[in-house]
$ cat model08.tsv   # TSV, C-alpha atoms
chain	number	residue	atom	x	y	z
A	1	MET	CA	185.34	82.58	-16.16
A	2	ALA	CA	184.05	83.48	-12.69
A	3	ALA	CA	186.39	83.11	-9.75
A	4	HIS	CA	185.45	80.79	-6.91
A	5	PRO	CA	185.16	82.06	-3.35
A	6	PRO	CA	188.28	81.40	-1.26
A	7	VAL	CA	186.55	78.66	0.76
A	8	ILE	CA	184.94	75.57	-0.77
A	9	VAL	CA	183.01	72.98	1.23
A	10	TYR	CA	182.72	69.82	-0.83
A	11	PRO	CA	179.80	67.34	-0.89
A	12	PRO	CA	179.47	64.86	1.96
A	13	SER	CA	181.75	61.84	1.55
A	14	ALA	CA	180.55	58.25	1.73
A	15	THR	CA	182.37	57.83	5.05
A	16	GLY	CA	181.01	61.07	6.53
A	17	GLY	CA	182.19	64.64	6.68
A	18	ARG	CA	182.82	67.31	4.09
A	19	ARG	CA	186.27	68.34	2.85
A	20	VAL	CA	187.02	72.03	3.32
A	21	THR	CA	189.57	73.94	1.26
A	22	VAL	CA	190.91	77.46	1.59
A	23	HIS	CA	192.53	78.92	-1.52
A	24	GLY	CA	192.78	75.39	-2.97
A	25	GLN	CA	194.48	73.87	0.08
A	26	ILE	CA	192.71	71.23	2.17
A	27	VAL	CA	192.32	72.52	5.73
A	28	GLY	CA	190.27	69.67	7.14
A	29	LEU	CA	187.24	67.42	7.15
A	30	ALA	CA	184.16	68.88	8.84
A	31	HIS	CA	181.23	66.93	10.27
A	32	GLY	CA	179.07	69.95	11.06
A	33	ARG	CA	178.78	73.72	10.92
A	34	GLY	CA	180.82	74.20	14.07
A	35	GLU	CA	183.77	72.34	12.59
A	36	VAL	CA	183.62	74.43	9.40
A	37	ALA	CA	183.58	77.58	11.52
A	38	ALA	CA	186.53	76.33	13.59
A	39	LEU	CA	188.56	75.56	10.45
A	40	LEU	CA	187.83	79.02	9.04
A	41	ARG	CA	188.59	80.72	12.35
A	42	ALA	CA	191.97	78.92	12.41
A	43	ALA	CA	192.57	80.07	8.82
A	44	GLY	CA	191.96	83.71	9.83
A	45	PHE	CA	188.45	84.24	8.43
A	46	ALA	CA	186.85	85.42	11.69
A	47	PRO	CA	186.96	89.08	12.69
A	48	GLY	CA	188.22	88.03	16.12
A	49	PRO	CA	188.95	84.85	18.08
A	50	ASP	CA	185.50	84.78	19.73
A	51	GLU	CA	183.49	86.17	16.83
A	52	ALA	CA	181.28	84.20	14.45
A	53	VAL	CA	182.24	83.22	10.94
A	54	GLU	CA	179.49	83.92	8.38
A	55	LEU	CA	178.92	80.46	6.91
A	56	ASP	CA	176.21	81.64	4.52
A	57	ARG	CA	178.21	84.43	2.85
A	58	PRO	CA	178.35	83.62	-0.90
A	59	GLY	CA	181.50	85.67	-1.55
A	60	LEU	CA	183.34	83.70	1.13
A	61	ILE	CA	182.09	80.10	0.90
A	62	GLU	CA	180.88	77.90	-1.92
A	63	TRP	CA	178.83	74.95	-0.66
A	64	ARG	CA	178.94	72.08	-3.15
A	65	GLY	CA	176.53	69.16	-3.04
A	66	GLY	CA	174.20	70.79	-0.54
A	67	ASP	CA	174.04	73.75	1.77
A	68	LEU	CA	175.28	74.29	5.31
A	69	ASP	CA	172.58	71.96	6.62
A	70	THR	CA	173.60	69.01	4.40
A	71	TRP	CA	175.90	66.54	6.17
A	72	GLU	CA	174.84	63.14	4.81
$ encode --input "model08.tsv" --output "structure tokens"
Amino acid sequence: MAAHPPVIVYPPSATGGRRVTVHGQIVGLAHGRGEVAALLRAAGFAPGPDEAVELDRPGLIEWRGGDLDTWE
């Protein structure tokens, strides 16, 4: 059985937003790429406080129900 990446972004909900988990723990509900990046930066996934988080890195994030451009 293959292991999942540490971050999972779930499909868009009916009320808007996508649930984001880190190591199985819910860290927030994101309504866009910037919010996912902010949640991951807060969880320590950015190299530095002002550096970008790679949202398209398969070993880091699994996007379910669409990719990083799917929000509805």
$ closest_residue --input "model08.tsv" --among "A:Pro5, A:Gly44, A:Pro11, A:Val36" --to "Gly24 in chain A" --atoms "all atoms listed in the file"
A:Pro5
$ closest_residue --input "model08.tsv" --among "A:Arg41, A:Gly65, A:Pro58, A:Val53" --to "Arg19 in chain A" --atoms "only C-alpha atoms"
A:Gly65
$ atom_distance --input "model08.tsv" --atom1 "CA of Ile61 in chain A" --atom2 "CA of Pro6 in chain A"
6.7 Å
$ atom_distance --input "model08.tsv" --atom1 "CA of Phe45 in chain A" --atom2 "CA of His4 in chain A"
16.0 Å
$ closest_residue --input "model08.tsv" --among "A:Trp71, A:Leu29, A:Ala42, A:Gly34" --to "Leu55 in chain A" --atoms "all atoms listed in the file"
A:Gly34
$ closest_residue --input "model08.tsv" --among "A:Gln25, A:Ala38, A:Thr15, A:Asp56" --to "Leu68 in chain A" --atoms "all atoms listed in the file"
A:Asp56
$ closest_residue --input "model08.tsv" --among "A:Val9, A:Ala14, A:Ala52, A:Leu60" --to "Ala30 in chain A" --atoms "only C-alpha atoms"
A:Val9
$ atom_distance --input "model08.tsv" --atom1 "CA of Ile26 in chain A" --atom2 "CA of Asp69 in chain A"
20.6 Å
$ residues_around --input "model08.tsv" --residues "Glu72 in chain A" --least-positions-apart "3" --cutoff "8 Å" --atoms "only C-alpha atoms" --output "ChimeraX atom specification"
/A:12-13,16-17
$ closest_residue --input "model08.tsv" --among "A:Val7, A:Val27, A:Thr70, A:Val20" --to "Glu54 in chain A" --atoms "only C-alpha atoms"
A:Val7
$ build_atoms --input "model08.tsv" --residues "range 3-14 of chain A" --atoms "all heavy atoms" --output "PDB file, in the coordinates of the input"
ATOM      1  N   ALA A   3     185.503  83.630 -10.794  1.00  0.00           N
ATOM      2  CA  ALA A   3     186.390  83.110  -9.750  1.00  0.00           C
ATOM      3  C   ALA A   3     185.562  82.462  -8.649  1.00  0.00           C
ATOM      4  O   ALA A   3     184.439  82.874  -8.380  1.00  0.00           O
ATOM      5  CB  ALA A   3     187.230  84.233  -9.179  1.00  0.00           C
ATOM      6  N   HIS A   4     186.115  81.441  -8.038  1.00  0.00           N
ATOM      7  CA  HIS A   4     185.450  80.790  -6.910  1.00  0.00           C
ATOM      8  C   HIS A   4     185.747  81.574  -5.644  1.00  0.00           C
ATOM      9  O   HIS A   4     186.797  82.205  -5.522  1.00  0.00           O
ATOM     10  CB  HIS A   4     185.973  79.360  -6.729  1.00  0.00           C
ATOM     11  CG  HIS A   4     185.581  78.441  -7.834  1.00  0.00           C
ATOM     12  ND1 HIS A   4     184.306  77.957  -7.984  1.00  0.00           N
ATOM     13  CD2 HIS A   4     186.293  77.911  -8.856  1.00  0.00           C
ATOM     14  CE1 HIS A   4     184.256  77.174  -9.033  1.00  0.00           C
ATOM     15  NE2 HIS A   4     185.451  77.135  -9.587  1.00  0.00           N
ATOM     16  N   PRO A   5     184.852  81.483  -4.662  1.00  0.00           N
ATOM     17  CA  PRO A   5     185.160  82.060  -3.350  1.00  0.00           C
ATOM     18  C   PRO A   5     186.407  81.378  -2.782  1.00  0.00           C
ATOM     19  O   PRO A   5     186.753  80.272  -3.203  1.00  0.00           O
ATOM     20  CB  PRO A   5     183.925  81.732  -2.516  1.00  0.00           C
ATOM     21  CG  PRO A   5     182.838  81.475  -3.494  1.00  0.00           C
ATOM     22  CD  PRO A   5     183.528  80.892  -4.701  1.00  0.00           C
ATOM     23  N   PRO A   6     187.061  81.997  -1.810  1.00  0.00           N
ATOM     24  CA  PRO A   6     188.280  81.400  -1.260  1.00  0.00           C
ATOM     25  C   PRO A   6     188.055  80.081  -0.519  1.00  0.00           C
ATOM     26  O   PRO A   6     188.949  79.256  -0.424  1.00  0.00           O
ATOM     27  CB  PRO A   6     188.812  82.464  -0.309  1.00  0.00           C
ATOM     28  CG  PRO A   6     187.655  83.342  -0.002  1.00  0.00           C
ATOM     29  CD  PRO A   6     186.750  83.280  -1.204  1.00  0.00           C
ATOM     30  N   VAL A   7     186.841  79.867  -0.015  1.00  0.00           N
ATOM     31  CA  VAL A   7     186.550  78.660   0.760  1.00  0.00           C
ATOM     32  C   VAL A   7     185.550  77.799  -0.021  1.00  0.00           C
ATOM     33  O   VAL A   7     184.526  78.293  -0.490  1.00  0.00           O
ATOM     34  CB  VAL A   7     185.944  79.012   2.133  1.00  0.00           C
ATOM     35  CG1 VAL A   7     185.591  77.758   2.917  1.00  0.00           C
ATOM     36  CG2 VAL A   7     186.894  79.900   2.921  1.00  0.00           C
ATOM     37  N   ILE A   8     185.864  76.511  -0.144  1.00  0.00           N
ATOM     38  CA  ILE A   8     184.940  75.570  -0.770  1.00  0.00           C
ATOM     39  C   ILE A   8     184.701  74.422   0.194  1.00  0.00           C
ATOM     40  O   ILE A   8     185.643  73.838   0.735  1.00  0.00           O
ATOM     41  CB  ILE A   8     185.479  75.040  -2.118  1.00  0.00           C
ATOM     42  CG1 ILE A   8     185.654  76.207  -3.093  1.00  0.00           C
ATOM     43  CG2 ILE A   8     184.535  73.983  -2.695  1.00  0.00           C
ATOM     44  CD1 ILE A   8     186.253  75.831  -4.422  1.00  0.00           C
ATOM     45  N   VAL A   9     183.413  74.134   0.421  1.00  0.00           N
ATOM     46  CA  VAL A   9     183.010  72.980   1.230  1.00  0.00           C
ATOM     47  C   VAL A   9     182.430  71.976   0.247  1.00  0.00           C
ATOM     48  O   VAL A   9     181.443  72.252  -0.430  1.00  0.00           O
ATOM     49  CB  VAL A   9     181.984  73.369   2.310  1.00  0.00           C
ATOM     50  CG1 VAL A   9     181.590  72.153   3.135  1.00  0.00           C
ATOM     51  CG2 VAL A   9     182.544  74.463   3.219  1.00  0.00           C
ATOM     52  N   TYR A  10     183.070  70.832   0.153  1.00  0.00           N
ATOM     53  CA  TYR A  10     182.720  69.820  -0.830  1.00  0.00           C
ATOM     54  C   TYR A  10     181.553  68.954  -0.358  1.00  0.00           C
ATOM     55  O   TYR A  10     181.231  68.944   0.834  1.00  0.00           O
ATOM     56  CB  TYR A  10     183.947  68.969  -1.157  1.00  0.00           C
ATOM     57  CG  TYR A  10     184.935  69.757  -1.971  1.00  0.00           C
ATOM     58  CD1 TYR A  10     185.863  70.585  -1.351  1.00  0.00           C
ATOM     59  CD2 TYR A  10     184.902  69.714  -3.358  1.00  0.00           C
ATOM     60  CE1 TYR A  10     186.752  71.355  -2.105  1.00  0.00           C
ATOM     61  CE2 TYR A  10     185.786  70.475  -4.115  1.00  0.00           C
ATOM     62  CZ  TYR A  10     186.705  71.293  -3.478  1.00  0.00           C
ATOM     63  OH  TYR A  10     187.565  72.058  -4.226  1.00  0.00           O
ATOM     64  N   PRO A  11     180.932  68.199  -1.277  1.00  0.00           N
ATOM     65  CA  PRO A  11     179.800  67.340  -0.890  1.00  0.00           C
ATOM     66  C   PRO A  11     180.192  66.336   0.190  1.00  0.00           C
ATOM     67  O   PRO A  11     181.366  65.970   0.314  1.00  0.00           O
ATOM     68  CB  PRO A  11     179.457  66.603  -2.199  1.00  0.00           C
ATOM     69  CG  PRO A  11     179.990  67.456  -3.289  1.00  0.00           C
ATOM     70  CD  PRO A  11     181.227  68.106  -2.707  1.00  0.00           C
ATOM     71  N   PRO A  12     179.196  65.869   0.940  1.00  0.00           N
ATOM     72  CA  PRO A  12     179.470  64.860   1.960  1.00  0.00           C
ATOM     73  C   PRO A  12     180.105  63.621   1.341  1.00  0.00           C
ATOM     74  O   PRO A  12     179.701  63.178   0.268  1.00  0.00           O
ATOM     75  CB  PRO A  12     178.087  64.535   2.523  1.00  0.00           C
ATOM     76  CG  PRO A  12     177.247  65.733   2.204  1.00  0.00           C
ATOM     77  CD  PRO A  12     177.779  66.256   0.906  1.00  0.00           C
ATOM     78  N   SER A  13     181.094  63.060   2.035  1.00  0.00           N
ATOM     79  CA  SER A  13     181.750  61.840   1.550  1.00  0.00           C
ATOM     80  C   SER A  13     180.951  60.629   1.994  1.00  0.00           C
ATOM     81  O   SER A  13     180.106  60.711   2.891  1.00  0.00           O
ATOM     82  CB  SER A  13     183.173  61.755   2.089  1.00  0.00           C
ATOM     83  OG  SER A  13     183.156  61.489   3.476  1.00  0.00           O
ATOM     84  N   ALA A  14     181.233  59.492   1.391  1.00  0.00           N
ATOM     85  CA  ALA A  14     180.550  58.250   1.730  1.00  0.00           C
ATOM     86  C   ALA A  14     180.837  57.817   3.166  1.00  0.00           C
ATOM     87  O   ALA A  14     180.027  57.139   3.796  1.00  0.00           O
ATOM     88  CB  ALA A  14     180.958  57.143   0.767  1.00  0.00           C
TER      89      ALA A  14
END
